[in-house]
Structure formats: C-alpha cells, structure tokens
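Novice: I'd like to ask some things about the structure below.
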Amino acid sequence: MLVYSHADCLLKDNGFNHPERKERLDSILESIKQIKDIKINFKEAPLADMDSISLVHPKKHIEKIFSNIPKSGLIGVEKEPYADTMLCSNSKKAILRSCGAGIAAADDLMNNNKRIFCAIRPPGHHAETTKAMGFCFINNIAVTARYLQKKYKINKVAIIDFDVHHGNGTQEIFYNDETVAYGSSHEFPLFPGTGSEEETGVGNIFNAPIKSGMKGKEFLKVFEQKVLNPINKFKPEIILISAGFDAHTRDPLANINLESKDYYEITKKIVDLANIHSKGRIISFLEGGYDLLALSESIEEHFLALKI
Ligand SMILES: [Zn+2]
C-alpha cells in the first residue's frame with residue numbers, strides 16, 4: 001500500500017480549541033506506522049499545480065483565497081455562523097500538498113498501485129467550485145477525479161463518502177455530471193444541511209441520510225442499500241473514498257454510533273465493489289474525524305480492509 005502525506009499538512013493551524021488540529025494527522029500516521037501485516041510505502045505529497053486545481057476551481061477563486069492568507073495570526077474565510085474555516089500563514093503549502101497528494105496518487109494508481117491512502121489536512125469534501133467552507137478550501141477528491149478523467153481518459157469514477165457530514169462540495173461539483181457518481185452516508189440533519197434523498201443530480205447522486213443515534217449494523221444496511229447498490233449499477237472504473245471517521249461513537253462533532261471495527265466492514269464492502277468493477281483500484285482521502293483514539297483505531301481497520 002502507498003500512503004501520501006507531508007509535514008506541511010501538520011503546519012496548518014486553526015487556532016486554540018479547534019477540532020481540525022494537527023494532532024489528528026499525527027494520530028493517523030502513528031497508527032499507520034504500527035500496522036504490522038501490511039507493507040506500506042510512504043511518499044511525500046507534491047504541491048498541486050494550478051492547471052490541475054482549475055479542473056475544478058476557477059483560478060481566480062483560488063488566488064483570492066491565497067491572497068487572504070495572513071502573515072501571522074488567523075483569518076476566517078466564512079461568514080457567521082460558521083466562522084471556523086481559517087487561514088494561517090502556513091495554509092497555502094498545506095492546501096497545495098493535500099490536493100497534490102491526490103494528483104500524485106492518481107499517477108501511481110495508473111502505474112499499477114491499487115490501494116493508496118492520502119493522509120492529509122485540510123480536508124476537501126465541503127469545498128464547492130467557488131466556495132471554501134467547513135474547514136475545506138480545495139476539493140481534493142474532486143480534483144483527483146477530474147485529473148484521472150482528463151489525463152488517463154477514465155470515463156466513470158465513483159466517489160464514496162462515509163464522513164458523518166454530507167460532502168456538499170463534491171455533490172455540487174458533479175451535480176450535472178453523469179460520468180462521476182457520488183454516494184454519501186451522513187447524519188441528517190446536520191452541517192452542512194444538504195444531502196437529502198431528493199438531491200439526485202442527473203441520476204448520479206446517491207444520498208443516504210442517517211438518523212442521529214444509529215449504530216453499525218443498521219448503518220451498514222442503509223449504506224449498502226442507498227450507496228453501494230446504486231454505485232454497483234454505475235460500474236465505476238475507479239473508486240475514490242472520502243474517508244471521514246467522525247461517525248464514530250466517540251466523535252465530538254456528530255451523533256452516529258459506529259465502533260472502530262465497523263470501519264473494517266464499511267471499507268471491505270467498498271473493496272468488494274472495486275474488485276468487481278474497478279480492477280481493485282481505490283484511492284482513499286482523509287476527510288473528517290475529530291477524536292484521536294477513534295481516528296487511530298479506525299484507520300487501522302480501514303487499512304486492514306484495504307489490504308490486498
Ligand atoms: Zn465530517
């Protein structure tokens with residue numbers, strides 16, 4: 001297995017008491033290094049190039065975000081009530097490494113590496129075409145999907161998102177694009193408010209709203225029915241995963257009650273689909289997850305299921 005990350009991703013600072021903190025990535029990387037049964041190669045994420053980013057986001061929009069980066073201290077990019085998407089002096093490098101990880105992973109994937117994980121922050125699935133929000137600036141997974149389509153002529157990409165929050169950005173970007181299927185399980189209602197079953201795009205959006213309090217067994221049933229079954233019919237050539245671990249029962253930002261081992265089952269089911277349709281090809285991206293113990297346990301389960 002290949003893992004992309006970069007020390008620059010640890011430098012992004014969101015301020016005191018912010019849930020999206022560098023310790024999240026420390027926990028993930030520490031846990032990955034402890035996994036004994038899998039041979040893991042670590043690679044440094046390159047900086048994303050503007051041509052690739054602009055497959056999704058207009059250049060002007062990205063330049064505007066970067067022009068707001070303060071020399072010191074923090075600046076919020078959103079209006080109230082969600083004024084917690086912050087820029088610090090090191091943000092540019094972290095944002096570009098996070099996106100660059102996915103692009104480099106795409107090249108490796110097409111060079112016969114079938115399982116790749118991007119251990120990155122900031123996350124990306126809330127970032128819309130022209131709107132940074134929910135701790136996200138560039139939609140890392142969306143750029144990777146478009147890059148795979150453009151450079152390698154991949155026709156059909158599926159994005160499966162099991163973060164507890166709906167990936168409004170990913171949905172918005174591909175809402176009218178039948179070549180990319182987006183399937184998401186998420187607590188509903190919850191931030192960002194999107195993700196009802198009525199939002200279906202051009203028949204390529206598959207939302208599975210989950211009621212607060214749901215546990216693993218029931219969750220898996222809904223996930224299979226509302227996300228995996230339609231993705232199975234879509235027959236993706238490559239599967240990308242928005243892997244957020246905040247549906248864990250320990251997570252402070254949401255109220256779904258998954259246990260760490262449930263992430264093995266969830267991932268295994270995605271792997272089964274990839275083996276049927278996608279030659280086993282999966283790139284997984286770290287999105288949310290805010291409890292350090294939950295992250296460290298869940299990432300191990302995720303990897304054990306991704307193992308070939
Ligand atoms: Zn989340």
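Residue numbering restarts at 1 in every chain; chains get A, B, ... in the order shown in the structure tokens, and ligands count up from 1 in that same order.
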So that each row is one residue of region 81-147 of chain A with an atom at most 10 Å from region 300-303 of chain A, can you give its shortest atom pair and the distance in Å to one decimal, using only C-alpha atoms, rows by chain and rising number, as JSON lines?

Specialist:
```
{"residue": "A:Arg115", "atom": "CA", "partner": "A:Phe303", "partner_atom": "CA", "distance": 9.4}
{"residue": "A:Ile116", "atom": "CA", "partner": "A:Phe303", "partner_atom": "CA", "distance": 9.8}
{"residue": "A:Phe117", "atom": "CA", "partner": "A:Phe303", "partner_atom": "CA", "distance": 8.7}
```

Novice: Could you write those residues out with N, CA, C and O atoms, as an mmCIF file, in the first residue's frame?

Specialist:
```
data_model
loop_
_atom_site.group_PDB
_atom_site.id
_atom_site.type_symbol
_atom_site.label_atom_id
_atom_site.label_comp_id
_atom_site.auth_asym_id
_atom_site.auth_seq_id
_atom_site.Cartn_x
_atom_site.Cartn_y
_atom_site.Cartn_z
ATOM 1 N N ARG A 115 -3.978 0.363 -4.189
ATOM 2 C CA ARG A 115 -4.550 0.913 -2.955
ATOM 3 C C ARG A 115 -3.662 2.025 -2.440
ATOM 4 O O ARG A 115 -2.505 1.806 -2.093
ATOM 5 N N ILE A 116 -4.216 3.223 -2.376
ATOM 6 C CA ILE A 116 -3.441 4.384 -1.933
ATOM 7 C C ILE A 116 -4.268 5.193 -0.936
ATOM 8 O O ILE A 116 -5.476 5.401 -1.137
ATOM 9 N N PHE A 117 -3.633 5.627 0.119
ATOM 10 C CA PHE A 117 -4.301 6.473 1.103
ATOM 11 C C PHE A 117 -3.603 7.823 1.176
ATOM 12 O O PHE A 117 -2.377 7.891 1.237
#
```

Novice: Name the residues in contact with region 283-290 of chain A at a cut-off of 6 Å, using only C-alpha atoms, excluding same-chain residues fewer than 6 positions from it; report them as a list in words.

Specialist: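 Once the adjacent positions are removed, what remains is Pro19, Arg115, Ile116, Phe117, Cys118, Ala119, Ile120, Pro123, Leu240, Ile241, Ser242, Ala243, Gly244, Phe245, Asp246 and Asp251 of chain A.
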
Novice: Any chance you can output those residues with C-alpha atoms as a PDB file, in the first residue's frame?

Specialist:
```
ATOM      1  CA  PRO A  19     -11.373  20.378  16.257  1.00  0.00           C
ATOM      2  CA  ARG A 115      -4.550   0.913  -2.955  1.00  0.00           C
ATOM      3  CA  ILE A 116      -3.441   4.384  -1.933  1.00  0.00           C
ATOM      4  CA  PHE A 117      -4.301   6.473   1.103  1.00  0.00           C
ATOM      5  CA  CYS A 118      -3.848  10.237   1.289  1.00  0.00           C
ATOM      6  CA  ALA A 119      -3.148  11.206   4.907  1.00  0.00           C
ATOM      7  CA  ILE A 120      -3.780  14.894   4.504  1.00  0.00           C
ATOM      8  CA  PRO A 123      -9.841  18.059   4.148  1.00  0.00           C
ATOM      9  CA  LEU A 240     -12.308   7.215  -4.637  1.00  0.00           C
ATOM     10  CA  ILE A 241     -13.213   7.316  -0.946  1.00  0.00           C
ATOM     11  CA  SER A 242     -13.872  10.361   1.200  1.00  0.00           C
ATOM     12  CA  ALA A 243     -12.830   8.696   4.435  1.00  0.00           C
ATOM     13  CA  GLY A 244     -14.002  10.682   7.420  1.00  0.00           C
ATOM     14  CA  PHE A 245     -14.104   8.884  10.756  1.00  0.00           C
ATOM     15  CA  ASP A 246     -16.482  11.245  12.545  1.00  0.00           C
ATOM     16  CA  ASP A 251     -16.561  11.747  17.873  1.00  0.00           C
TER      17      ASP A 251
END
```

Novice: Throw together the list of residues within 12 Å of ligand 1, counting only C-alpha atoms and all ligand atoms, and drop it here as number ranges by chain.

Specialist: A: 19-20, 122-126, 133-136, 161-168, 184-187, 190-192, 242-248, 251-256, 286-291

Novice: Quick one: distance from CA of Lys92 (chain A) to CA of Tyr147 (chain A) in Å, one decimal?

Specialist: 20.5 Å

Novice: Which of these, A:Val56, A:Ile65, A:Val3, A:Leu258, has the shortest distance to Asn113 (chain A) once you count only C-alpha atoms?

Specialist: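 The answer is A:Val3, which sits nearest to Asn113 (chain A).
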
Novice: Apply DSSP to the structure's backbone, then extract all residues of region 2-94 of chain A labelled helix (DSSP H, G or I) and return them as JSON, numbers by chain.

Specialist: {"A": [7, 8, 9, 10, 22, 23, 24, 25, 26, 27, 28, 29, 30, 31, 32, 33, 34, 50, 51, 52, 53, 59, 60, 61, 62, 63, 64, 65, 66, 67, 91, 92, 93, 94]}

Novice: Selected residues, N, CA, C and O atoms, written as a tab-separated table (two decimals), in the first residue's frame, please.

Specialist:
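Saved to result21.tsv:
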```tsv
chain	number	residue	atom	x	y	z
A	7	ALA	N	4.83	16.78	5.79
A	7	ALA	CA	4.96	17.52	7.05
A	7	ALA	C	4.25	18.88	6.98
A	7	ALA	O	3.79	19.40	8.01
A	8	ASP	N	4.15	19.46	5.78
A	8	ASP	CA	3.45	20.75	5.65
A	8	ASP	C	1.98	20.66	6.11
A	8	ASP	O	1.40	21.66	6.54
A	9	CYS	N	1.39	19.47	5.97
A	9	CYS	CA	-0.01	19.30	6.38
A	9	CYS	C	-0.16	19.43	7.90
A	9	CYS	O	-1.26	19.67	8.40
A	10	LEU	N	0.95	19.26	8.62
A	10	LEU	CA	0.89	19.41	10.07
A	10	LEU	C	1.00	20.87	10.50
A	10	LEU	O	0.73	21.22	11.65
A	22	LYS	N	-3.69	19.55	14.18
A	22	LYS	CA	-2.61	18.73	13.63
A	22	LYS	C	-2.49	17.37	14.30
A	22	LYS	O	-2.08	16.39	13.68
A	23	GLU	N	-2.91	17.28	15.56
A	23	GLU	CA	-2.83	16.01	16.28
A	23	GLU	C	-3.65	14.91	15.61
A	23	GLU	O	-3.37	13.73	15.76
A	24	ARG	N	-4.67	15.31	14.86
A	24	ARG	CA	-5.47	14.31	14.11
A	24	ARG	C	-4.55	13.53	13.17
A	24	ARG	O	-4.57	12.31	13.11
A	25	LEU	N	-3.77	14.27	12.41
A	25	LEU	CA	-2.89	13.64	11.42
A	25	LEU	C	-1.75	12.89	12.11
A	25	LEU	O	-1.35	11.81	11.67
A	26	ASP	N	-1.25	13.45	13.21
A	26	ASP	CA	-0.22	12.73	13.99
A	26	ASP	C	-0.74	11.35	14.40
A	26	ASP	O	-0.04	10.35	14.25
A	27	SER	N	-1.95	11.31	14.92
A	27	SER	CA	-2.54	10.03	15.37
A	27	SER	C	-2.67	9.04	14.23
A	27	SER	O	-2.37	7.86	14.37
A	28	ILE	N	-3.15	9.55	13.11
A	28	ILE	CA	-3.35	8.69	11.93
A	28	ILE	C	-2.00	8.11	11.48
A	28	ILE	O	-1.88	6.89	11.28
A	29	LEU	N	-1.00	8.95	11.35
A	29	LEU	CA	0.30	8.49	10.83
A	29	LEU	C	0.96	7.53	11.82
A	29	LEU	O	1.54	6.51	11.43
A	30	GLU	N	0.84	7.85	13.09
A	30	GLU	CA	1.42	6.98	14.13
A	30	GLU	C	0.78	5.60	14.07
A	30	GLU	O	1.46	4.58	14.09
A	31	SER	N	-0.54	5.59	13.93
A	31	SER	CA	-1.27	4.31	13.87
A	31	SER	C	-0.89	3.51	12.62
A	31	SER	O	-0.68	2.30	12.69
A	32	ILE	N	-0.79	4.20	11.51
A	32	ILE	CA	-0.43	3.51	10.25
A	32	ILE	C	0.95	2.85	10.39
A	32	ILE	O	1.16	1.72	9.95
A	33	LYS	N	1.87	3.57	11.03
A	33	LYS	CA	3.23	3.03	11.18
A	33	LYS	C	3.26	1.78	12.06
A	33	LYS	O	4.19	0.99	11.97
A	34	GLN	N	2.26	1.64	12.92
A	34	GLN	CA	2.22	0.48	13.82
A	34	GLN	C	1.64	-0.77	13.18
A	34	GLN	O	1.72	-1.86	13.75
A	50	MET	N	-1.55	24.59	-10.53
A	50	MET	CA	-2.79	25.34	-10.76
A	50	MET	C	-3.62	24.75	-11.93
A	50	MET	O	-4.84	24.79	-11.90
A	51	ASP	N	-2.95	24.20	-12.93
A	51	ASP	CA	-3.70	23.61	-14.05
A	51	ASP	C	-4.61	22.49	-13.57
A	51	ASP	O	-5.76	22.37	-14.00
A	52	SER	N	-4.09	21.65	-12.67
A	52	SER	CA	-4.91	20.55	-12.15
A	52	SER	C	-6.03	21.08	-11.26
A	52	SER	O	-7.18	20.64	-11.36
A	53	ILE	N	-5.69	22.03	-10.39
A	53	ILE	CA	-6.71	22.59	-9.49
A	53	ILE	C	-7.84	23.20	-10.30
A	53	ILE	O	-9.03	23.05	-9.98
A	59	LYS	N	-9.29	29.59	-11.35
A	59	LYS	CA	-8.00	30.09	-10.86
A	59	LYS	C	-8.18	31.33	-9.98
A	59	LYS	O	-7.56	31.46	-8.93
A	60	LYS	N	-9.07	32.22	-10.41
A	60	LYS	CA	-9.29	33.47	-9.67
A	60	LYS	C	-9.76	33.22	-8.24
A	60	LYS	O	-9.37	33.92	-7.31
A	61	HIS	N	-10.63	32.24	-8.09
A	61	HIS	CA	-11.17	31.90	-6.77
A	61	HIS	C	-10.05	31.42	-5.85
A	61	HIS	O	-9.96	31.83	-4.69
A	62	ILE	N	-9.19	30.55	-6.38
A	62	ILE	CA	-8.10	30.02	-5.56
A	62	ILE	C	-7.09	31.13	-5.22
A	62	ILE	O	-6.63	31.24	-4.08
A	63	GLU	N	-6.81	31.97	-6.22
A	63	GLU	CA	-5.88	33.07	-5.96
A	63	GLU	C	-6.43	34.01	-4.89
A	63	GLU	O	-5.68	34.55	-4.07
A	64	LYS	N	-7.74	34.19	-4.90
A	64	LYS	CA	-8.36	35.06	-3.90
A	64	LYS	C	-8.19	34.46	-2.49
A	64	LYS	O	-7.89	35.18	-1.54
A	65	ILE	N	-8.39	33.17	-2.38
A	65	ILE	CA	-8.18	32.52	-1.07
A	65	ILE	C	-6.74	32.74	-0.62
A	65	ILE	O	-6.49	33.18	0.51
A	66	PHE	N	-5.80	32.48	-1.52
A	66	PHE	CA	-4.38	32.61	-1.13
A	66	PHE	C	-4.01	34.07	-0.81
A	66	PHE	O	-3.16	34.32	0.04
A	67	SER	N	-4.68	35.01	-1.49
A	67	SER	CA	-4.34	36.42	-1.23
A	67	SER	C	-4.83	36.86	0.15
A	67	SER	O	-4.38	37.87	0.68
A	91	SER	N	-0.95	28.11	5.53
A	91	SER	CA	-2.08	27.42	4.88
A	91	SER	C	-1.81	27.03	3.44
A	91	SER	O	-2.22	25.95	3.01
A	92	LYS	N	-1.13	27.89	2.71
A	92	LYS	CA	-1.00	27.64	1.26
A	92	LYS	C	-0.31	26.31	1.00
A	92	LYS	O	-0.78	25.50	0.20
A	93	LYS	N	0.79	26.09	1.70
A	93	LYS	CA	1.53	24.85	1.49
A	93	LYS	C	0.69	23.63	1.86
A	93	LYS	O	0.67	22.62	1.15
A	94	ALA	N	-0.01	23.73	2.99
A	94	ALA	CA	-0.83	22.59	3.44
A	94	ALA	C	-1.95	22.30	2.43
A	94	ALA	O	-2.21	21.14	2.08
```

Novice: Using DSSP on the backbone coordinates, identify all residues within region 17-162 of chain A classified as strand (DSSP E); present the result as a PDB file with C-alpha atoms, in the first residue's frame.

Specialist:
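Contents of part.pdb, as written:
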```pdb
ATOM      1  CA  ASN A  41       5.400   2.764   1.412  1.00  0.00           C
ATOM      2  CA  PHE A  42       5.275   6.401   2.463  1.00  0.00           C
ATOM      3  CA  LYS A  43       5.644   9.112  -0.160  1.00  0.00           C
ATOM      4  CA  GLU A  44       5.806  12.883   0.172  1.00  0.00           C
ATOM      5  CA  ILE A  75      -8.295  34.874   9.261  1.00  0.00           C
ATOM      6  CA  GLY A  76     -11.699  33.245   8.787  1.00  0.00           C
ATOM      7  CA  MET A  86      -9.413  29.508   8.995  1.00  0.00           C
ATOM      8  CA  LEU A  87      -6.304  30.585   7.123  1.00  0.00           C
ATOM      9  CA  ARG A 115      -4.550   0.913  -2.955  1.00  0.00           C
ATOM     10  CA  ILE A 116      -3.441   4.384  -1.933  1.00  0.00           C
ATOM     11  CA  PHE A 117      -4.301   6.473   1.103  1.00  0.00           C
ATOM     12  CA  CYS A 118      -3.848  10.237   1.289  1.00  0.00           C
ATOM     13  CA  VAL A 157     -15.342   7.487 -11.431  1.00  0.00           C
ATOM     14  CA  ALA A 158     -17.291   6.815  -8.230  1.00  0.00           C
ATOM     15  CA  ILE A 159     -16.763   8.824  -5.067  1.00  0.00           C
ATOM     16  CA  ILE A 160     -17.977   7.126  -1.906  1.00  0.00           C
ATOM     17  CA  ASP A 161     -18.136   9.367   1.156  1.00  0.00           C
TER      18      ASP A 161
END
```

Novice: Point out the residue among A:Lys268, A:Lys153, A:Lys307, A:Lys261 with the least atom-to-atom distance to Glu237 (chain A), counting only C-alpha atoms.

Specialist: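 For Glu237 (chain A), the nearest of the candidates is A:Lys153.
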
Novice: Using only C-alpha atoms, which residue out of A:Lys39, A:Lys156, A:Lys211, A:Arg21 lies closest to Phe188 (chain A)?

Specialist: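 Of the candidates, the smallest distance to Phe188 (chain A) is held by A:Lys211.
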
Novice: With distances taken over only C-alpha atoms, which of A:Ser298, A:Asn232, A:Thr249, A:Asn257 is nearest to Asn275 (chain A)?

Specialist: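 Of all the options, A:Asn232 lies closest to Asn275 (chain A).
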
Novice: From the set A:Leu55, A:Leu228, A:Ala305, A:Cys88, which residue has the shortest atom-to-atom contact distance to Gln149 (chain A), counting only C-alpha atoms?

Specialist: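 Among the listed residues, A:Leu55 lies closest to Gln149 (chain A).
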
Novice: May I ask which of the residues A:Glu128, A:Glu265, A:Glu218, A:Asp13 is the closest one to Gly169 (chain A), counting only C-alpha atoms?

Specialist: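 Using only C-alpha atoms, Gly169 (chain A) sits closest to A:Glu128.
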